[in-house]
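Structure data (compact mmCIF, C-alpha atoms and all ligand atoms) from work.txt:
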```
# COMPACT_ATOMS: atom_id res chain seq x y z
CA MET B 1 317.08 -156.38 46.83
CA PRO B 2 316.93 -157.65 43.20
CA ASP B 3 318.92 -155.77 40.52
CA ARG B 4 317.35 -157.29 37.44
CA PHE B 5 315.77 -154.21 35.87
CA PHE B 6 317.32 -151.23 37.69
CA PRO B 7 320.96 -152.34 38.14
CA THR B 8 322.33 -148.78 38.46
CA VAL B 9 320.22 -148.09 41.53
CA THR B 10 321.97 -150.41 43.90
CA LYS B 11 320.45 -149.38 47.22
CA PRO B 12 317.14 -148.01 48.47
CA ILE B 13 316.62 -144.25 48.09
CA ALA B 14 317.40 -142.69 51.47
CA TYR B 15 316.79 -139.34 53.13
CA GLU B 16 319.98 -137.24 53.02
CA GLY B 17 318.62 -133.76 53.76
CA PRO B 18 318.31 -130.50 51.81
CA GLU B 19 322.07 -130.04 51.40
CA SER B 20 322.64 -133.38 49.68
CA ASP B 21 323.81 -133.30 46.07
CA ASN B 22 323.01 -136.96 45.49
CA PRO B 23 320.25 -137.05 42.85
CA LEU B 24 319.21 -140.49 44.11
CA ALA B 25 318.36 -139.27 47.62
CA PHE B 26 315.43 -137.54 49.28
CA LYS B 27 316.04 -133.95 50.35
CA TRP B 28 312.80 -133.51 52.32
CA TYR B 29 310.94 -136.81 52.48
CA ASP B 30 312.05 -138.46 55.69
CA ALA B 31 309.61 -141.36 56.14
CA LYS B 32 309.91 -141.62 59.93
CA ARG B 33 309.99 -137.88 60.73
CA LYS B 34 306.99 -136.88 62.84
CA ILE B 35 304.78 -134.00 61.78
CA ALA B 36 301.56 -133.17 63.64
CA GLY B 37 301.65 -136.41 65.58
CA LYS B 38 302.14 -138.79 62.66
CA THR B 39 305.11 -139.87 60.56
CA MET B 40 305.55 -138.50 57.05
CA GLU B 41 304.94 -142.01 55.80
CA GLN B 42 301.54 -142.05 57.51
CA HIS B 43 300.52 -138.64 56.19
CA LEU B 44 301.84 -139.11 52.67
CA LYS B 45 300.38 -142.31 51.29
CA PHE B 46 302.33 -142.13 48.03
CA ALA B 47 301.36 -144.51 45.27
CA VAL B 48 303.27 -145.31 42.07
CA CYS B 49 300.96 -145.53 39.08
CA TYR B 50 301.48 -148.56 36.93
CA TRP B 51 300.22 -147.17 33.64
CA HIS B 52 302.63 -144.26 33.20
CA THR B 53 305.63 -145.56 35.11
CA PHE B 54 305.81 -149.07 33.75
CA LYS B 55 303.62 -149.02 30.63
CA GLY B 56 304.41 -145.54 29.35
CA THR B 57 306.33 -145.53 26.08
CA GLY B 58 307.07 -141.82 25.58
CA SER B 59 304.86 -141.74 22.48
CA ASP B 60 302.82 -138.67 21.60
CA PRO B 61 300.41 -137.88 18.73
CA PHE B 62 303.39 -137.01 16.54
CA GLY B 63 305.73 -139.89 17.20
CA GLY B 64 306.09 -143.40 18.58
CA ALA B 65 307.88 -144.85 21.56
CA THR B 66 311.11 -143.35 22.84
CA PHE B 67 311.49 -145.55 25.93
CA GLU B 68 313.11 -148.97 25.70
CA ARG B 69 312.17 -150.78 28.86
CA PRO B 70 313.97 -154.04 29.65
CA TRP B 71 310.75 -155.51 31.06
CA ASP B 72 308.97 -154.94 27.76
CA ALA B 73 311.20 -157.19 25.67
CA SER B 74 309.41 -160.57 25.49
CA SER B 75 307.21 -161.29 22.47
CA ASP B 76 304.79 -163.24 24.71
CA PRO B 77 302.21 -160.83 26.23
CA MET B 78 301.82 -162.82 29.46
CA GLN B 79 305.61 -163.06 29.91
CA ARG B 80 305.80 -159.30 29.31
CA ALA B 81 303.11 -158.76 31.94
CA ALA B 82 304.97 -160.95 34.44
CA ASP B 83 308.32 -159.20 33.77
CA THR B 84 306.64 -155.79 34.12
CA MET B 85 305.19 -156.77 37.49
CA ASP B 86 308.63 -157.92 38.71
CA ALA B 87 310.13 -154.63 37.49
CA ALA B 88 307.39 -152.62 39.21
CA PHE B 89 308.06 -154.19 42.60
CA GLU B 90 311.84 -153.85 42.18
CA PHE B 91 311.30 -150.14 41.45
CA MET B 92 308.82 -149.54 44.28
CA GLY B 93 311.03 -151.42 46.74
CA LYS B 94 314.07 -149.30 45.84
CA LEU B 95 312.10 -146.05 45.85
CA GLY B 96 310.41 -146.77 49.17
CA ALA B 97 306.94 -145.94 47.84
CA PRO B 98 304.39 -147.54 50.15
CA TYR B 99 301.55 -148.04 47.60
CA TRP B 100 300.71 -148.63 43.95
CA CYS B 101 297.66 -148.23 41.65
CA PHE B 102 296.66 -150.02 38.44
CA HIS B 103 294.10 -150.49 35.67
CA ASP B 104 293.16 -154.09 34.87
CA ARG B 105 294.61 -153.84 31.36
CA ASP B 106 297.88 -152.29 32.56
CA ILE B 107 298.81 -155.38 34.47
CA ALA B 108 297.34 -158.15 32.29
CA PRO B 109 296.63 -158.25 28.56
CA GLU B 110 293.08 -158.46 27.24
CA GLY B 111 292.32 -162.00 26.01
CA ALA B 112 290.31 -163.16 23.01
CA THR B 113 287.21 -163.70 25.18
CA VAL B 114 285.75 -162.30 28.41
CA ALA B 115 286.83 -165.50 30.20
CA GLU B 116 290.38 -165.36 28.84
CA SER B 117 290.76 -161.71 29.94
CA ALA B 118 289.59 -162.65 33.44
CA ALA B 119 291.99 -165.61 33.59
CA ASN B 120 294.94 -163.44 32.47
CA LEU B 121 294.15 -160.95 35.20
CA GLU B 122 293.86 -163.64 37.85
CA THR B 123 297.29 -165.06 36.94
CA ILE B 124 299.00 -161.69 37.25
CA VAL B 125 297.11 -160.77 40.43
CA ALA B 126 298.48 -163.94 42.06
CA GLN B 127 302.01 -162.81 41.16
CA ALA B 128 301.32 -159.28 42.46
CA LYS B 129 299.96 -160.68 45.71
CA ALA B 130 303.14 -162.67 46.31
CA LEU B 131 305.30 -159.61 45.52
CA GLN B 132 303.24 -157.40 47.86
CA LYS B 133 303.83 -159.92 50.63
CA LYS B 134 307.56 -160.07 49.93
CA THR B 135 308.13 -156.30 49.69
CA GLY B 136 305.46 -154.83 51.98
CA VAL B 137 304.25 -152.53 49.17
CA LYS B 138 300.44 -152.23 49.33
CA LEU B 139 297.70 -151.52 46.82
CA LEU B 140 296.06 -148.11 47.18
CA TRP B 141 293.39 -148.50 44.51
CA GLY B 142 292.46 -150.45 41.44
CA THR B 143 290.41 -149.51 38.41
CA ALA B 144 289.28 -150.82 35.04
CA ASN B 145 290.39 -149.41 31.71
CA LEU B 146 287.04 -148.70 30.08
CA PHE B 147 288.40 -146.31 27.47
CA SER B 148 291.16 -147.87 25.33
CA HIS B 149 289.34 -150.71 23.58
CA ALA B 150 287.50 -149.84 20.33
CA ARG B 151 284.21 -151.13 21.78
CA TYR B 152 284.20 -148.17 24.18
CA ALA B 153 284.41 -145.52 21.44
CA HIS B 154 280.94 -144.21 22.42
CA GLY B 155 281.41 -144.77 26.15
CA ALA B 156 281.38 -147.73 28.54
CA SER B 157 278.53 -147.50 31.07
CA THR B 158 277.17 -144.49 29.12
CA ASN B 159 277.20 -146.31 25.78
CA PRO B 160 273.99 -146.36 23.72
CA ASP B 161 274.45 -150.16 23.38
CA PRO B 162 273.67 -152.29 26.49
CA LEU B 163 276.09 -154.97 25.24
CA VAL B 164 278.98 -152.55 25.60
CA PHE B 165 277.66 -151.75 29.11
CA ALA B 166 277.73 -155.51 29.79
CA HIS B 167 281.40 -155.74 28.79
CA ALA B 168 282.10 -152.89 31.21
CA CYS B 169 280.26 -154.90 33.92
CA ALA B 170 282.55 -157.86 33.27
CA GLN B 171 285.68 -155.71 33.52
CA VAL B 172 284.64 -153.89 36.68
CA ARG B 173 283.62 -157.15 38.30
CA HIS B 174 287.08 -158.64 37.79
CA ALA B 175 288.89 -155.40 38.58
CA LEU B 176 287.00 -155.33 41.90
CA ASP B 177 287.98 -158.96 42.53
CA ALA B 178 291.60 -157.99 41.88
CA THR B 179 291.37 -154.94 44.16
CA VAL B 180 289.94 -157.03 47.00
CA ALA B 181 292.49 -159.82 46.47
CA LEU B 182 295.31 -157.27 46.74
CA GLY B 183 293.82 -155.48 49.76
CA GLY B 184 293.16 -152.13 48.00
CA THR B 185 291.26 -149.55 50.04
CA GLY B 186 289.94 -147.65 47.04
CA TYR B 187 288.37 -148.29 43.66
CA VAL B 188 288.36 -145.53 41.02
CA PHE B 189 285.92 -144.67 38.26
CA TRP B 190 287.46 -142.29 35.76
CA GLY B 191 285.07 -141.74 32.86
CA GLY B 192 287.39 -141.01 29.96
CA ARG B 193 284.74 -141.95 27.43
CA GLU B 194 281.76 -141.31 29.70
CA GLY B 195 280.73 -138.21 27.84
CA TYR B 196 279.93 -137.25 24.31
CA SER B 197 281.19 -135.79 21.10
CA MET B 198 278.07 -134.10 19.73
CA LEU B 199 274.69 -133.31 21.22
CA GLY B 200 272.75 -134.10 18.05
CA ASN B 201 273.01 -137.85 18.60
CA THR B 202 273.27 -137.88 22.42
CA ASP B 203 270.69 -138.25 25.20
CA MET B 204 272.67 -136.94 28.17
CA LYS B 205 270.04 -137.84 30.75
CA GLN B 206 269.74 -141.42 29.52
CA GLU B 207 273.52 -141.84 29.54
CA GLN B 208 273.99 -140.39 33.02
CA ASP B 209 271.14 -142.51 34.39
CA GLN B 210 273.00 -145.54 33.00
CA PHE B 211 276.18 -144.44 34.79
CA ALA B 212 274.27 -144.11 38.07
CA ARG B 213 272.86 -147.64 37.65
CA PHE B 214 276.38 -148.89 36.92
CA LEU B 215 277.63 -147.45 40.20
CA PHE B 216 274.82 -149.10 42.17
CA MET B 217 275.57 -152.43 40.46
CA ALA B 218 279.27 -152.08 41.28
CA ARG B 219 278.46 -151.25 44.90
CA GLU B 220 276.23 -154.32 45.18
CA TYR B 221 278.98 -156.58 43.85
CA ALA B 222 281.71 -154.95 45.95
CA THR B 223 279.64 -155.47 49.10
CA LYS B 224 279.05 -159.10 48.13
CA ILE B 225 282.77 -159.85 47.80
CA GLY B 226 283.65 -158.07 51.05
CA PHE B 227 285.20 -154.84 49.72
CA LYS B 228 285.75 -152.67 52.79
CA GLY B 229 287.14 -149.65 50.94
CA ARG B 230 285.61 -146.71 49.18
CA PHE B 231 284.64 -145.87 45.60
CA PHE B 232 286.07 -142.72 44.05
CA ILE B 233 285.02 -140.80 40.95
CA GLU B 234 287.85 -138.90 39.29
CA PRO B 235 286.56 -135.74 37.57
CA LYS B 236 287.97 -134.47 34.29
CA PRO B 237 286.19 -132.13 31.87
CA LYS B 238 287.51 -133.34 28.52
CA GLU B 239 290.11 -135.47 26.77
CA PRO B 240 289.53 -137.98 25.38
CA SER B 241 285.80 -137.08 25.16
CA THR B 242 284.91 -133.59 23.98
CA HIS B 243 282.51 -133.27 26.91
CA GLN B 244 282.95 -135.58 29.87
CA TYR B 245 280.09 -135.89 32.34
CA ASP B 246 282.34 -135.78 35.42
CA VAL B 247 283.54 -132.25 34.64
CA ASP B 248 284.85 -131.19 38.04
CA ALA B 249 284.29 -131.76 41.75
CA ALA B 250 281.16 -129.62 41.91
CA THR B 251 279.57 -131.34 38.90
CA VAL B 252 280.26 -134.80 40.31
CA LEU B 253 278.86 -133.82 43.72
CA GLY B 254 275.67 -132.63 41.98
CA PHE B 255 275.43 -135.89 40.02
CA LEU B 256 275.91 -138.00 43.16
CA HIS B 257 273.35 -135.96 45.05
CA SER B 258 270.71 -136.06 42.32
CA HIS B 259 271.02 -139.85 42.01
CA GLY B 260 271.04 -140.50 45.76
CA ILE B 261 274.58 -141.93 45.71
CA ASP B 262 276.26 -141.60 49.11
CA PHE B 263 278.89 -144.32 48.71
CA VAL B 264 281.26 -142.54 46.33
CA ASP B 265 283.94 -139.98 47.20
CA LEU B 266 286.17 -138.00 44.86
CA ASN B 267 289.67 -138.55 43.54
CA ILE B 268 290.93 -135.11 42.54
CA GLU B 269 293.72 -134.75 39.97
CA ASN B 270 295.70 -131.52 39.59
CA ASN B 271 295.87 -131.46 35.79
CA HIS B 272 292.16 -132.36 35.52
CA ALA B 273 291.22 -129.45 37.78
CA THR B 274 293.26 -127.06 35.64
CA LEU B 275 291.67 -128.39 32.44
CA ALA B 276 288.32 -127.53 34.06
CA GLY B 277 289.51 -123.95 34.54
CA HIS B 278 290.18 -124.34 38.26
CA THR B 279 293.22 -124.57 40.45
CA PHE B 280 294.04 -127.89 42.14
CA ALA B 281 293.32 -126.22 45.48
CA HIS B 282 289.87 -125.14 44.29
CA ASP B 283 288.71 -128.64 43.41
CA LEU B 284 290.31 -130.13 46.53
CA MET B 285 288.49 -127.56 48.64
CA VAL B 286 285.13 -128.16 46.93
CA ALA B 287 285.44 -131.92 47.52
CA SER B 288 286.73 -131.54 51.07
CA GLN B 289 284.08 -129.04 52.18
CA ALA B 290 281.44 -131.52 51.00
CA GLY B 291 283.14 -134.21 53.12
CA ARG B 292 283.97 -136.17 49.96
CA LEU B 293 287.70 -135.70 49.34
CA GLY B 294 288.84 -139.31 49.21
CA SER B 295 292.08 -139.39 47.25
CA LEU B 296 294.40 -137.32 45.05
CA ASP B 297 296.11 -137.90 41.71
CA VAL B 298 299.15 -135.70 42.10
CA ASN B 299 300.73 -134.27 38.97
CA ARG B 300 300.77 -130.92 37.24
CA GLY B 301 299.81 -129.48 33.88
CA ASN B 302 301.86 -127.15 31.78
CA PRO B 303 300.35 -123.64 31.69
CA MET B 304 301.66 -123.22 28.15
CA LEU B 305 299.91 -126.34 26.85
CA GLY B 306 296.19 -126.83 27.10
CA TRP B 307 296.10 -130.56 27.53
CA ASP B 308 296.68 -133.25 30.11
CA THR B 309 300.48 -133.23 30.22
CA ASP B 310 300.61 -135.26 33.45
CA GLN B 311 303.96 -133.89 34.62
CA PHE B 312 305.40 -134.80 37.98
CA PRO B 313 304.26 -132.49 40.79
CA THR B 314 307.17 -130.27 41.77
CA VAL B 315 305.32 -127.03 42.50
CA VAL B 316 305.60 -126.59 46.28
CA GLU B 317 302.72 -124.10 46.54
CA ASP B 318 300.29 -126.64 45.07
CA ALA B 319 301.55 -129.21 47.56
CA VAL B 320 301.15 -126.77 50.47
CA TRP B 321 297.51 -126.16 49.60
CA ALA B 322 296.85 -129.86 49.12
CA MET B 323 298.43 -130.82 52.43
CA HIS B 324 296.71 -127.95 54.27
CA ILE B 325 293.33 -129.17 53.04
CA ILE B 326 294.17 -132.79 53.85
CA LEU B 327 295.35 -131.89 57.37
CA ASP B 328 292.24 -129.75 57.90
CA GLN B 329 290.00 -132.71 57.13
CA GLY B 330 292.00 -135.09 59.32
CA GLY B 331 293.78 -137.07 56.59
CA LEU B 332 292.81 -139.52 53.87
CA LYS B 333 291.40 -142.71 55.30
CA TYR B 334 290.94 -144.77 52.14
CA GLY B 335 292.94 -142.81 49.61
CA GLY B 336 296.39 -141.33 49.19
CA LEU B 337 298.61 -139.44 46.78
CA ASN B 338 298.88 -141.27 43.48
CA PHE B 339 301.58 -140.10 41.06
CA ASP B 340 299.42 -140.09 37.94
CA ALA B 341 302.36 -138.54 36.15
CA LYS B 342 304.75 -139.44 33.39
CA VAL B 343 308.34 -138.59 32.65
CA ARG B 344 308.83 -136.50 29.51
CA ARG B 345 309.34 -138.09 26.12
CA GLY B 346 313.01 -137.18 26.21
CA SER B 347 313.55 -138.55 29.73
CA PHE B 348 314.09 -142.09 28.58
CA ASP B 349 316.70 -143.32 31.05
CA LEU B 350 315.59 -145.69 33.79
CA GLU B 351 317.06 -143.34 36.41
CA ASP B 352 314.64 -140.63 35.23
CA LEU B 353 311.80 -142.64 36.78
CA PHE B 354 313.56 -142.38 40.15
CA TYR B 355 314.36 -138.67 39.81
CA ALA B 356 310.74 -137.93 38.91
CA HIS B 357 309.28 -139.74 41.92
CA ILE B 358 311.92 -138.39 44.30
CA GLY B 359 311.02 -134.84 43.18
CA GLY B 360 307.30 -135.43 43.67
CA MET B 361 307.77 -137.03 47.10
CA ASP B 362 310.07 -134.21 48.20
CA ALA B 363 307.63 -131.52 47.01
CA PHE B 364 304.81 -133.07 49.03
CA ALA B 365 307.04 -133.60 52.07
CA ARG B 366 307.84 -129.87 51.96
CA GLY B 367 304.16 -129.15 51.40
CA LEU B 368 303.36 -131.12 54.54
CA ILE B 369 306.00 -129.39 56.69
CA ILE B 370 304.92 -125.93 55.51
CA ALA B 371 301.19 -126.60 55.80
CA ASP B 372 301.69 -127.91 59.32
CA ARG B 373 303.55 -124.72 60.32
CA MET B 374 300.84 -122.55 58.78
CA ARG B 375 298.19 -124.48 60.66
CA GLN B 376 300.08 -124.34 63.96
CA ASP B 377 300.19 -120.56 63.63
CA GLY B 378 296.55 -120.60 62.56
CA PHE B 379 297.48 -118.40 59.62
CA ARG B 380 294.57 -119.20 57.32
CA ALA B 381 292.15 -119.94 60.18
CA LYS B 382 292.80 -116.44 61.61
CA THR B 383 292.37 -114.85 58.18
CA LEU B 384 288.98 -116.54 57.79
CA ALA B 385 287.88 -115.91 61.37
CA THR B 386 288.53 -112.18 60.98
CA ARG B 387 286.89 -111.93 57.56
CA TYR B 388 283.71 -113.79 58.50
CA ALA B 389 283.41 -112.53 62.10
CA GLY B 390 280.18 -110.67 61.27
CA TRP B 391 278.31 -113.95 60.75
CA LYS B 392 278.81 -114.97 64.38
CA LYS B 393 276.89 -112.10 65.92
CA GLY B 394 273.90 -109.81 65.46
CA PHE B 395 272.12 -109.83 62.12
CA GLY B 396 274.71 -112.20 60.57
CA ALA B 397 274.10 -114.84 63.25
CA GLU B 398 270.32 -114.43 62.84
CA VAL B 399 270.67 -115.13 59.08
CA MET B 400 272.67 -118.29 59.72
CA GLN B 401 270.16 -119.48 62.32
CA GLY B 402 267.27 -118.94 59.90
CA LYS B 403 265.80 -116.19 62.08
CA ALA B 404 266.27 -113.22 59.73
CA THR B 405 263.84 -111.91 57.10
CA LEU B 406 264.14 -109.47 54.21
CA GLU B 407 262.37 -106.95 56.43
CA SER B 408 264.83 -107.41 59.31
CA GLY B 409 267.64 -107.05 56.76
CA GLU B 410 266.18 -103.79 55.54
CA ALA B 411 265.78 -102.50 59.08
CA TYR B 412 269.43 -103.35 59.88
CA ALA B 413 270.70 -101.72 56.65
CA ALA B 414 268.65 -98.59 57.26
CA LYS B 415 269.92 -98.29 60.83
CA ALA B 416 273.59 -99.19 60.31
CA GLY B 417 274.06 -97.29 57.06
CA GLU B 418 276.74 -97.86 54.43
CA PRO B 419 279.13 -100.77 55.19
CA LYS B 420 282.77 -99.95 55.81
CA ARG B 421 284.91 -101.10 52.87
CA VAL B 422 287.35 -103.77 54.04
CA SER B 423 290.35 -104.81 51.94
CA GLY B 424 290.64 -108.50 51.01
CA ARG B 425 294.43 -108.19 51.58
CA GLU B 426 295.23 -110.73 48.84
CA GLU B 427 298.77 -109.53 48.26
CA GLN B 428 299.53 -109.56 51.96
CA PHE B 429 298.23 -113.13 52.22
CA GLU B 430 300.48 -114.16 49.33
CA ASN B 431 303.49 -112.48 50.91
CA VAL B 432 303.02 -114.31 54.17
CA MET B 433 302.46 -117.58 52.35
CA ASN B 434 305.77 -117.04 50.55
CA GLN B 435 307.45 -116.44 53.90
CA TYR B 436 306.19 -119.82 55.05
CA ILE B 437 307.35 -121.43 51.80
CA TYR B 438 310.81 -119.86 51.62
CA ASN B 439 311.58 -119.85 55.34
CA CYS B 440 310.78 -123.53 55.64
CA PRO B 441 313.39 -125.09 57.96
C1 LIG B 501 293.42 -140.02 32.85
C2 LIG B 501 293.57 -140.41 34.26
C3 LIG B 501 293.41 -141.87 34.53
C4 LIG B 501 292.80 -142.18 35.86
C5 LIG B 501 292.52 -143.63 36.10
O1 LIG B 501 293.54 -138.67 32.62
O2 LIG B 501 293.86 -139.61 35.10
O3 LIG B 501 294.64 -142.48 34.39
O4 LIG B 501 293.58 -141.70 36.90
O5 LIG B 501 291.76 -144.21 35.13
CO CO B 502 294.24 -139.74 37.11
```
Write out the structure in this file as structure tokens.
Ligand code: XUL
Ligand code: CO
Amino acid sequence: MPDRFFPTVTKPIAYEGPESDNPLAFKWYDAKRKIAGKTMEQHLKFAVCYWHTFKGTGSDPFGGATFERPWDASSDPMQRAADTMDAAFEFMGKLGAPYWCFHDRDIAPEGATVAESAANLETIVAQAKALQKKTGVKLLWGTANLFSHARYAHGASTNPDPLVFAHACAQVRHALDATVALGGTGYVFWGGREGYSMLGNTDMKQEQDQFARFLFMAREYATKIGFKGRFFIEPKPKEPSTHQYDVDAATVLGFLHSHGIDFVDLNIENNHATLAGHTFAHDLMVASQAGRLGSLDVNRGNPMLGWDTDQFPTVVEDAVWAMHIILDQGGLKYGGLNFDAKVRRGSFDLEDLFYAHIGGMDAFARGLIIADRMRQDGFRAKTLATRYAGWKKGFGAEVMQGKATLESGEAYAAKAGEPKRVSGREEQFENVMNQYIYNCP
């Protein structure tokens, strides 16, 4: 195991159990432990995200970089990219994370021309491929950064200028090539600039029709190069755009449906759901019930700050809901749990990157154990079965079978009289959920 960039972490992070006081050990994540017939490793397809973990600088709108990363030292951009890739695989190897995710421009610098950008990417992808082979770390998904460059100020595929759209085509084409070369099972579209700033100068329908065409073009190319994975759209309501088209899971499902797009699933991110005024569980449930929950970006927002703080996910209750929903739908075939999260500006030590990922992996391991126990007891299933029992018989069943009419409803209401008021028992549900969480063995 190389010690070039993380010399203080001398051995792989191991499971030591909940009593361990070693900060560089897992307390709950035990890769080979079996839960519901599969190992934790199989359930929890954790991915390290390249952009925050290796390219993050700690800067915020009020100040510059606070991190000094040893892999970021060379003055030559391609050497920097190569060093960063070596550092990434050293980190992922030591952490024991099975997957990673990237944007094209995270891993290779943009060149002076379209061709130079593509060549830079190809060089670094070759290095990544060799490192994947050596370490066994796999690619979960790839994506293209269609939001940082100045040309995308008014959007990428939703730009009023077809030439900007064409540049986005070039990037997605090569990002798809890279994803296929590295064996990724997903490809993400997050529309940071696919939205608008003011309605006065914006034709929303035109722009969203362009985005739909873009997806069909990407699908055609992906099929041509043998991509066997799945596309994901990642909803977010705002930031950087004032209004982003992919507001939340429900909005994206409506967009996909109205454009006849059946080849795209959803990648749901916690902090994006909360920015949309939902809980993480809400958006996961919306996507899952539509059969379109493909992947998760796991992080958390800060309830005191109204923006995308991208903190590491350490809230066990969020993880319980996520894992319950994932178990209910039988897992994530093409996606996984991507740590789209960054250490805080003041957490500038290299070890902080390990602590952050260990905490996130442990929270989701606990979430898995607890959700599995809840499901074995049928806790939520029983709650729902009792609450909706009326729809399985009599008038309720007739409604669901399309046999009821307004007249038959009136006749039933007149005969049966006033309904009995039934408590929703929210507090009791929460109490039992806390028992599961705090009594977790
Ligand atoms: C931005 C965000 C992106 C996507 C990939 O908020 O979440 O990093 O995950 O483009
Ligand atoms: Co994300």
Within 8 Å of ligand LIG 501 (chain B), counting all atoms listed in the file: which residues, as a PyMOL selection string? chain B and resi 51+102-103+143-145+188-192+234+236+239+269+272+297+308+310+340
Around the point (295.5, -157.1, 35.0) (coordinates from the file), which residues reach within 8 Å if we count all atoms listed in the file? Answer as an MDAnalysis selection string. chainID B and resid 102:109 120:122 124:125 175 178
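For the pair CA of Gly186 (chain B) and CA of Leu140 (chain B), the interatomic distance is 6.1 Å.
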Closest atom pairs, residues of region 4-76 of chain B within 9 Å of region 319-334 of chain B, all atoms listed in the file, as a tab-separated table:
```
residue	atom	partner	partner_atom	distance
B:Ala36	CA	B:Leu327	CA	8.9
B:His43	CA	B:Gly331	CA	6.9
B:Leu44	CA	B:Met323	CA	9.0
B:Lys45	CA	B:Leu332	CA	8.5
```
Within 8 Å of His52 (chain B), counting all atoms listed in the file, which residues show up once you throw out same-chain ones fewer than 3 positions away? Write them as a ChimeraX atom specification, please.
/B:49,55-56,340-342
Residue with the minimum atom-to-atom distance to Asp362 (chain B), picked from B:Thr113, B:Thr314, B:Asn434, B:Thr123 with only C-alpha atoms counted, is B:Thr314
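With distances taken over all atoms listed in the file, B:Leu337 is the one residue among B:Ile35, B:Leu337, B:Ala87, B:Leu305 lying closest to ligand CO 502 (chain B).
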Students should find that CA of Gln428 (chain B) and CA of Met374 (chain B) are spaced 14.7 Å
Spatial neighbours of region 26-34 of chain B, max dist 9 Å, all atoms listed in the file, sep filter under 3 positions, as a PyMOL selection string
chain B and resi 13-23+37-42+44+96+358-359+361-366
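Reported to one decimal place, the separation of CA of Lys129 (chain B) from CA of Leu350 (chain B) is 24.7 Å.
Using all atoms listed in the file, the shortest contact distance between Val137 (chain B) and any of B:Phe46, B:Phe216, B:Tyr245, B:Tyr152 is found at B:Phe46.
Restricting the calculation to all atoms listed in the file, the smallest distance between ligand CO 502 (chain B) and any of B:Phe6, B:Trp391, B:Tyr50, B:Phe379 is found for B:Tyr50.
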*Near region 203-214 of chain B, counting only C-alpha atoms, which residues have an atom at most 10 Å away, once you skip same-chain residues fewer than 2 positions from it, shown as number ranges by chain?*
B: 155-160, 162, 165-166, 168-169, 172, 191, 194-196, 199-201, 216-220, 245-246, 255-256, 258-261
Using only C-alpha atoms, the shortest atom-to-atom distance to Gly360 (chain B) among B:Pro313, B:Gly183, B:Pro7, B:Gly306 belongs to B:Pro313
Could you please fill out region 1-12 of chain B with N, CA and C atoms and send it back as a short mmCIF file (atom, residue, chain, number, x, y, z; two decimals), in the frame of the given file?
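Saved the output as rebuild.cif:
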```cif
data_model
loop_
_atom_site.label_atom_id
_atom_site.label_comp_id
_atom_site.auth_asym_id
_atom_site.auth_seq_id
_atom_site.Cartn_x
_atom_site.Cartn_y
_atom_site.Cartn_z
N MET B 1 317.80 -157.23 47.81
CA MET B 1 317.08 -156.38 46.83
C MET B 1 317.50 -156.75 45.40
N PRO B 2 316.54 -157.20 44.54
CA PRO B 2 316.93 -157.65 43.20
C PRO B 2 317.45 -156.49 42.33
N ASP B 3 318.37 -156.80 41.41
CA ASP B 3 318.92 -155.77 40.52
C ASP B 3 318.72 -156.16 39.06
N ARG B 4 317.57 -156.75 38.78
CA ARG B 4 317.35 -157.29 37.44
C ARG B 4 317.05 -156.18 36.43
N PHE B 5 316.22 -155.22 36.83
CA PHE B 5 315.77 -154.21 35.87
C PHE B 5 316.37 -152.82 36.13
N PHE B 6 316.75 -152.55 37.35
CA PHE B 6 317.32 -151.23 37.69
C PHE B 6 318.70 -151.42 38.32
N PRO B 7 319.66 -151.98 37.54
CA PRO B 7 320.96 -152.34 38.14
C PRO B 7 321.77 -151.14 38.60
N THR B 8 321.51 -149.94 38.06
CA THR B 8 322.33 -148.78 38.46
C THR B 8 321.88 -148.18 39.78
N VAL B 9 320.68 -148.56 40.22
CA VAL B 9 320.22 -148.09 41.53
C VAL B 9 320.42 -149.26 42.48
N THR B 10 321.55 -149.21 43.18
CA THR B 10 321.97 -150.41 43.90
C THR B 10 321.44 -150.47 45.32
N LYS B 11 321.00 -149.32 45.87
CA LYS B 11 320.45 -149.38 47.22
C LYS B 11 319.18 -148.53 47.31
N PRO B 12 318.39 -148.77 48.36
CA PRO B 12 317.14 -148.01 48.47
C PRO B 12 317.41 -146.51 48.56
#
```
